[in-house]
file structure39.cif (mmCIF, C-alpha atoms)
data_final
loop_
_atom_site.label_atom_id
_atom_site.label_comp_id
_atom_site.auth_asym_id
_atom_site.auth_seq_id
_atom_site.Cartn_x
_atom_site.Cartn_y
_atom_site.Cartn_z
CA GLU A 1018 0.00 0.00 0.00
CA VAL A 1019 1.37 3.36 -1.07
CA GLN A 1020 1.61 5.80 1.81
CA LEU A 1021 3.03 9.25 2.39
CA VAL A 1022 3.28 9.96 6.10
CA GLN A 1023 4.16 13.47 7.17
CA SER A 1024 5.73 14.66 10.40
CA GLY A 1025 3.63 16.16 13.15
CA ALA A 1026 2.38 19.66 13.79
CA GLU A 1027 4.94 22.33 14.64
CA VAL A 1028 4.69 25.52 16.67
CA LYS A 1029 7.62 27.88 16.14
CA LYS A 1030 8.62 31.50 16.58
CA ALA A 1031 9.45 33.86 13.76
CA GLY A 1032 13.11 33.66 12.84
CA GLU A 1033 13.47 30.00 13.82
CA SER A 1034 14.38 27.25 11.37
CA LEU A 1035 12.25 24.23 10.59
CA LYS A 1036 12.39 21.02 8.56
CA ILE A 1037 9.27 18.93 8.03
CA SER A 1038 9.23 15.49 6.46
CA CYS A 1039 7.24 13.21 4.20
CA LYS A 1040 8.07 9.50 4.36
CA GLY A 1041 7.12 7.37 1.41
CA SER A 1042 6.44 3.64 1.64
CA GLY A 1043 4.90 0.89 -0.43
CA TYR A 1044 6.55 1.92 -3.70
CA SER A 1045 9.90 2.62 -5.31
CA PHE A 1046 10.73 5.98 -3.72
CA THR A 1047 13.33 6.95 -6.31
CA SER A 1048 10.98 6.41 -9.26
CA TYR A 1049 8.43 9.12 -8.44
CA TRP A 1050 8.60 12.84 -7.80
CA ILE A 1051 7.40 14.33 -4.50
CA GLY A 1052 5.69 17.73 -4.61
CA TRP A 1053 4.92 20.16 -1.80
CA VAL A 1054 1.73 22.20 -1.52
CA ARG A 1055 0.87 25.05 0.85
CA GLN A 1056 -2.58 25.86 2.15
CA MET A 1057 -2.84 28.96 4.26
CA PRO A 1058 -5.74 29.14 6.75
CA GLY A 1059 -9.04 29.35 4.89
CA LYS A 1060 -7.30 29.64 1.51
CA GLY A 1061 -6.64 27.55 -1.56
CA LEU A 1062 -3.85 25.20 -2.59
CA GLU A 1063 -0.54 26.68 -3.75
CA TRP A 1064 2.15 24.77 -5.62
CA MET A 1065 5.54 25.16 -3.94
CA GLY A 1066 7.91 22.84 -5.73
CA ILE A 1067 8.90 19.30 -6.49
CA ILE A 1068 11.84 16.94 -6.15
CA TYR A 1069 12.93 13.73 -7.83
CA PRO A 1070 14.59 11.69 -5.09
CA GLY A 1071 16.40 9.57 -7.64
CA ASP A 1072 18.67 12.47 -8.79
CA PRO A 1073 17.87 14.55 -6.71
CA ASP A 1074 16.51 17.25 -8.99
CA SER A 1075 14.37 19.93 -7.33
CA ARG A 1076 12.30 22.67 -8.95
CA TYR A 1077 10.52 25.58 -7.29
CA SER A 1078 7.56 27.76 -8.05
CA PRO A 1079 8.76 31.37 -8.52
CA SER A 1080 6.74 32.37 -5.44
CA PHE A 1081 8.72 30.02 -3.24
CA GLN A 1082 12.18 30.07 -4.86
CA GLY A 1083 14.68 31.19 -2.23
CA GLN A 1084 12.08 30.98 0.54
CA VAL A 1085 12.21 27.22 1.18
CA THR A 1086 14.45 24.27 0.40
CA ILE A 1087 13.17 20.93 -0.83
CA SER A 1088 15.40 17.91 -0.33
CA ALA A 1089 15.23 14.15 -0.06
CA ASP A 1090 17.11 11.27 1.55
CA LYS A 1091 16.51 8.19 -0.55
CA SER A 1092 18.20 5.96 2.02
CA ILE A 1093 15.26 6.54 4.36
CA THR A 1094 12.67 7.25 1.62
CA THR A 1095 11.92 10.68 3.01
CA ALA A 1096 11.43 14.08 1.42
CA TYR A 1097 11.82 17.33 3.29
CA LEU A 1098 10.66 20.92 3.22
CA GLN A 1099 12.72 23.38 5.21
CA TRP A 1100 12.91 27.00 6.19
CA SER A 1101 15.98 28.80 7.50
CA SER A 1102 14.05 31.69 9.03
CA LEU A 1103 10.32 31.36 9.49
CA LYS A 1104 7.87 34.22 9.18
CA ALA A 1105 4.38 34.49 10.64
CA SER A 1106 3.11 34.33 7.05
CA ASP A 1107 4.48 30.77 6.81
CA THR A 1108 1.66 29.64 9.07
CA ALA A 1109 -0.17 27.06 6.98
CA MET A 1110 -0.89 23.41 6.33
CA TYR A 1111 1.71 21.78 4.12
CA TYR A 1112 1.01 18.69 2.04
CA CYS A 1113 3.30 16.39 0.12
CA VAL A 1114 2.00 14.58 -2.95
CA ARG A 1115 3.47 11.86 -5.15
CA HIS A 1116 3.84 12.58 -8.86
CA ASP A 1117 4.12 9.95 -11.57
CA SER A 1118 5.76 11.72 -14.50
CA SER A 1119 5.01 8.84 -16.88
CA SER A 1120 1.27 9.40 -16.52
CA GLU A 1121 1.29 13.01 -15.28
CA ASP A 1122 -0.62 11.86 -12.25
CA PHE A 1123 -0.54 13.30 -8.75
CA ASP A 1124 -1.97 10.33 -6.97
CA TYR A 1125 -1.15 9.93 -3.29
CA TRP A 1126 -1.18 12.70 -0.74
CA GLY A 1127 0.28 13.00 2.73
CA GLN A 1128 -2.02 13.82 5.62
CA GLY A 1129 -0.57 17.30 5.99
CA THR A 1130 1.65 19.06 8.51
CA LEU A 1131 0.33 22.15 10.27
CA VAL A 1132 3.00 24.77 10.86
CA THR A 1133 2.14 27.64 13.21
CA VAL A 1134 4.57 30.55 13.47
CA SER A 1135 4.12 33.23 16.10
CA SER A 1136 5.60 36.68 15.64
CA GLN B 811 3.59 33.06 -13.76
CA ALA B 812 0.31 32.04 -15.36
CA VAL B 813 -2.97 32.53 -13.54
CA VAL B 814 -5.42 29.63 -13.46
CA THR B 815 -9.06 30.58 -13.02
CA GLN B 816 -11.99 28.63 -11.63
CA GLU B 817 -15.53 29.58 -10.71
CA PRO B 818 -15.45 30.67 -7.04
CA SER B 819 -18.67 28.86 -6.26
CA LEU B 820 -21.34 26.71 -7.89
CA THR B 821 -24.53 25.09 -6.66
CA VAL B 822 -26.07 21.87 -7.93
CA SER B 823 -29.25 20.08 -6.93
CA PRO B 824 -29.02 16.50 -5.71
CA GLY B 825 -29.08 14.25 -8.76
CA GLY B 826 -28.25 17.16 -11.02
CA THR B 827 -25.32 17.82 -13.35
CA VAL B 828 -22.75 20.57 -13.02
CA THR B 829 -19.55 21.43 -14.90
CA LEU B 830 -16.61 23.13 -13.25
CA THR B 831 -14.06 24.79 -15.50
CA CYS B 832 -10.37 25.65 -15.33
CA GLY B 833 -8.98 28.37 -17.56
CA SER B 834 -5.52 29.75 -18.18
CA SER B 835 -4.34 33.34 -18.53
CA THR B 836 -1.96 32.20 -21.30
CA GLY B 837 -4.73 31.04 -23.62
CA ALA B 838 -6.59 27.83 -24.30
CA VAL B 839 -6.03 24.89 -21.97
CA THR B 840 -4.87 21.86 -23.92
CA SER B 841 -4.00 18.29 -23.10
CA GLY B 842 -0.39 19.52 -22.92
CA HIS B 843 -1.26 21.26 -19.67
CA TYR B 844 -2.06 17.80 -18.22
CA PRO B 845 -5.04 19.07 -16.19
CA CYS B 846 -5.65 17.41 -12.85
CA TRP B 847 -8.65 17.79 -10.58
CA PHE B 848 -8.68 17.43 -6.80
CA GLN B 849 -11.46 17.30 -4.26
CA GLN B 850 -10.95 18.64 -0.76
CA LYS B 851 -13.43 18.39 2.08
CA PRO B 852 -13.07 20.44 5.27
CA GLY B 853 -10.32 19.19 7.53
CA GLN B 854 -9.09 16.64 5.01
CA ALA B 855 -6.17 16.37 2.64
CA PRO B 856 -6.97 16.78 -1.05
CA ARG B 857 -7.90 13.70 -3.05
CA THR B 858 -7.07 13.30 -6.73
CA LEU B 859 -10.10 12.69 -8.92
CA ILE B 860 -8.82 13.19 -12.48
CA TYR B 861 -5.35 13.29 -14.00
CA ASP B 862 -4.04 14.05 -17.49
CA THR B 863 -7.36 15.60 -18.54
CA ILE B 864 -9.63 12.56 -18.53
CA ASN B 865 -8.11 9.73 -16.49
CA LYS B 866 -9.72 8.48 -13.30
CA HIS B 867 -8.36 6.65 -10.31
CA SER B 868 -9.87 3.49 -8.90
CA TRP B 869 -11.34 5.61 -6.12
CA THR B 870 -12.90 8.21 -8.41
CA PRO B 871 -16.68 7.87 -8.44
CA ALA B 872 -17.99 7.14 -11.93
CA ARG B 873 -20.18 10.25 -11.81
CA PHE B 874 -17.08 12.46 -12.20
CA SER B 875 -15.52 12.96 -15.61
CA GLY B 876 -12.83 15.21 -17.05
CA SER B 877 -12.63 16.84 -20.47
CA LEU B 878 -11.58 19.89 -22.45
CA LEU B 879 -14.43 22.28 -23.17
CA GLY B 880 -14.32 25.61 -24.95
CA GLY B 881 -10.62 26.18 -24.34
CA LYS B 882 -10.76 25.15 -20.70
CA ALA B 883 -10.35 21.99 -18.69
CA ALA B 884 -13.64 20.79 -17.30
CA LEU B 885 -14.82 18.54 -14.51
CA THR B 886 -18.38 17.32 -14.92
CA LEU B 887 -20.38 15.82 -12.11
CA SER B 888 -23.43 13.90 -13.30
CA GLY B 889 -25.88 12.83 -10.61
CA ALA B 890 -24.60 14.94 -7.72
CA GLN B 891 -24.70 13.40 -4.25
CA PRO B 892 -24.67 15.24 -0.93
CA GLU B 893 -21.18 13.88 -0.25
CA ASP B 894 -19.88 15.71 -3.33
CA GLU B 895 -20.17 19.02 -1.50
CA ALA B 896 -16.54 20.12 -1.31
CA GLU B 897 -13.88 22.43 -2.69
CA TYR B 898 -12.50 21.44 -6.09
CA TYR B 899 -9.13 22.50 -7.42
CA CYS B 900 -7.54 22.13 -10.82
CA LEU B 901 -3.81 22.02 -11.46
CA LEU B 902 -2.17 22.86 -14.77
CA SER B 903 1.37 22.19 -15.96
CA TYR B 904 3.29 24.85 -17.90
CA SER B 905 6.29 22.95 -19.24
CA GLY B 906 6.74 21.38 -15.84
CA ALA B 907 5.88 24.44 -13.75
CA ARG B 908 2.62 23.80 -11.93
CA VAL B 909 -0.11 26.25 -10.97
CA PHE B 910 -3.29 25.60 -9.02
CA GLY B 911 -6.56 27.30 -9.71
CA GLY B 912 -8.21 29.24 -6.92
CA GLY B 913 -10.74 26.49 -6.27
CA THR B 914 -14.50 26.11 -6.71
CA LYS B 915 -16.72 25.65 -3.68
CA LEU B 916 -19.45 23.26 -4.79
CA THR B 917 -22.67 23.23 -2.83
CA VAL B 918 -25.18 20.41 -3.27
CA LEU B 919 -28.54 21.88 -2.36
#
call {"tool": "encode", "arguments": {"input": "structure39.cif", "output": "structure tokens"}}
result
Amino acid sequence: EVQLVQSGAEVKKAGESLKISCKGSGYSFTSYWIGWVRQMPGKGLEWMGIIYPGDPDSRYSPSFQGQVTISADKSITTAYLQWSSLKASDTAMYYCVRHDSSSEDFDYWGQGTLVTVSS
Amino acid sequence: QAVVTQEPSLTVSPGGTVTLTCGSSTGAVTSGHYPCWFQQKPGQAPRTLIYDTINKHSWTPARFSGSLLGGKAALTLSGAQPEDEAEYYCLLSYSGARVFGGGTKLTVL
């Protein structure tokens, strides 16, 4: 069974660093991309970026380039999203999603990680 | 960056049919944008309904279908059920760069 399991909720202060995770299981981790999606409170989905753990090749939406870092450790089948200095505006739910580039499918989603940043 | 547009809200009667659309600021949406459609209910993670314009997952109810219509991607719901009340998002690919639409809040009433 394919699963993406994300790390738990985080409460941080502005200026702190953070790394959240998305662990894939039940499939060949290095054969699929992992994307990250932001959802601010009461708002829509925003595409942040994507990584191919097999390379690793990462690509960012212009809105998030330089604001976050996407990485992966294929040895533990885990993708990461990290911030070096959080802002209150980073408060949101973050989802990871698996992407099959051969079928252009975004099929399995993580359960989400809620990040709360106080100013 | 392109802007992807969806109807902010739509209402459908139970058993009725409704079409949600997904347009692009760059022009007509084509199969080369690989449109995907996602359903999100309150407090839940999104769920993928349609990928690559028309393809369904095993978990996609048969009453949902994807297409291209009038230069936009479209999601048609035929025979709406109360459990279909949700937010629906489309996602388009622009040579690998992805952009979500703003979402459509679908009410079944």
call {"tool": "resolve_selection", "arguments": {"input": "structure39.cif", "expression": "the PyMOL selection byres ((chain A) within 12 of (chain B))", "output": "number ranges by chain"}}
result
A: 1021-1023, 1050, 1052-1056, 1058-1068, 1075-1080, 1110-1131
call {"tool": "atom_distance", "arguments": {"input": "structure39.cif", "atom1": "CA of Ser835 in chain B", "atom2": "CA of Arg873 in chain B"}}
result
28.8 Å
call {"tool": "resolve_selection", "arguments": {"input": "structure39.cif", "expression": "the PyMOL selection byres ((chain B and resi 883) around 10)", "output": "JSON list (two decimals) with C-alpha atoms, in the frame of the given file"}}
result
[["chain", "number", "residue", "atom", "x", "y", "z"],
["B", 816, "GLN", "CA", -11.99, 28.63, -11.63],
["B", 829, "THR", "CA", -19.55, 21.43, -14.90],
["B", 830, "LEU", "CA", -16.61, 23.13, -13.25],
["B", 831, "THR", "CA", -14.06, 24.79, -15.50],
["B", 832, "CYS", "CA", -10.37, 25.65, -15.33],
["B", 833, "GLY", "CA", -8.98, 28.37, -17.56],
["B", 834, "SER", "CA", -5.52, 29.75, -18.18],
["B", 838, "ALA", "CA", -6.59, 27.83, -24.30],
["B", 839, "VAL", "CA", -6.03, 24.89, -21.97],
["B", 840, "THR", "CA", -4.87, 21.86, -23.92],
["B", 841, "SER", "CA", -4.00, 18.29, -23.10],
["B", 843, "HIS", "CA", -1.26, 21.26, -19.67],
["B", 844, "TYR", "CA", -2.06, 17.80, -18.22],
["B", 845, "PRO", "CA", -5.04, 19.07, -16.19],
["B", 846, "CYS", "CA", -5.65, 17.41, -12.85],
["B", 847, "TRP", "CA", -8.65, 17.79, -10.58],
["B", 863, "THR", "CA", -7.36, 15.60, -18.54],
["B", 864, "ILE", "CA", -9.63, 12.56, -18.53],
["B", 876, "GLY", "CA", -12.83, 15.21, -17.05],
["B", 877, "SER", "CA", -12.63, 16.84, -20.47],
["B", 878, "LEU", "CA", -11.58, 19.89, -22.45],
["B", 879, "LEU", "CA", -14.43, 22.28, -23.17],
["B", 880, "GLY", "CA", -14.32, 25.61, -24.95],
["B", 881, "GLY", "CA", -10.62, 26.18, -24.34],
["B", 882, "LYS", "CA", -10.76, 25.15, -20.70],
["B", 884, "ALA", "CA", -13.64, 20.79, -17.30],
["B", 885, "LEU", "CA", -14.82, 18.54, -14.51],
["B", 900, "CYS", "CA", -7.54, 22.13, -10.82],
["B", 901, "LEU", "CA", -3.81, 22.02, -11.46],
["B", 902, "LEU", "CA", -2.17, 22.86, -14.77]]
call {"tool": "residues_around", "arguments": {"input": "structure39.cif", "residues": "Val1134 in chain A", "least_positions_apart": "5", "cutoff": "9 Å", "atoms": "all atoms listed in the file", "output": "PyMOL selection string"}}
result
chain A and resi 1027-1031+1033+1103-1109
call {"tool": "write_last_selection", "arguments": {"input": "structure39.cif", "atoms": "C-alpha atoms", "output": "mmCIF file, in the coordinates of the input"}}
result
data_model
loop_
_atom_site.group_PDB
_atom_site.id
_atom_site.type_symbol
_atom_site.label_atom_id
_atom_site.label_comp_id
_atom_site.auth_asym_id
_atom_site.auth_seq_id
_atom_site.Cartn_x
_atom_site.Cartn_y
_atom_site.Cartn_z
ATOM 1 C CA GLU A 1027 4.940 22.330 14.640
ATOM 2 C CA VAL A 1028 4.690 25.520 16.670
ATOM 3 C CA LYS A 1029 7.620 27.880 16.140
ATOM 4 C CA LYS A 1030 8.620 31.500 16.580
ATOM 5 C CA ALA A 1031 9.450 33.860 13.760
ATOM 6 C CA GLU A 1033 13.470 30.000 13.820
ATOM 7 C CA LEU A 1103 10.320 31.360 9.490
ATOM 8 C CA LYS A 1104 7.870 34.220 9.180
ATOM 9 C CA ALA A 1105 4.380 34.490 10.640
ATOM 10 C CA SER A 1106 3.110 34.330 7.050
ATOM 11 C CA ASP A 1107 4.480 30.770 6.810
ATOM 12 C CA THR A 1108 1.660 29.640 9.070
ATOM 13 C CA ALA A 1109 -0.170 27.060 6.980
#
call {"tool": "resolve_selection", "arguments": {"input": "structure39.cif", "expression": "the PyMOL selection byres ((chain B and resi 889) around 10)", "output": "list in words"}}
result
Val822, Ser823, Pro824, Gly825, Gly826, Thr827, Val828, Ala872, Arg873, Phe874, Thr886, Leu887, Ser888, Ala890, Gln891 and Asp894 of chain B
call {"tool": "atom_distance", "arguments": {"input": "structure39.cif", "atom1": "CA of Pro1070 in chain A", "atom2": "CA of Tyr904 in chain B"}}
result
21.6 Å
call {"tool": "residues_around", "arguments": {"input": "structure39.cif", "residues": "range 1092-1097 of chain A", "least_positions_apart": "5", "cutoff": "7 Å", "atoms": "only C-alpha atoms", "output": "PDB file with C-alpha atoms, keeping the file's coordinate frame"}}
result
ATOM      1  CA  LYS A1036      12.390  21.020   8.560  1.00  0.00           C
ATOM      2  CA  ILE A1037       9.270  18.930   8.030  1.00  0.00           C
ATOM      3  CA  SER A1038       9.230  15.490   6.460  1.00  0.00           C
ATOM      4  CA  CYS A1039       7.240  13.210   4.200  1.00  0.00           C
ATOM      5  CA  LYS A1040       8.070   9.500   4.360  1.00  0.00           C
ATOM      6  CA  GLY A1041       7.120   7.370   1.410  1.00  0.00           C
ATOM      7  CA  PHE A1046      10.730   5.980  -3.720  1.00  0.00           C
ATOM      8  CA  ILE A1087      13.170  20.930  -0.830  1.00  0.00           C
TER       9      ILE A1087
END
call {"tool": "atom_distance", "arguments": {"input": "structure39.cif", "atom1": "CA of Glu895 in chain B", "atom2": "CA of Thr821 in chain B"}}
result
9.1 Å
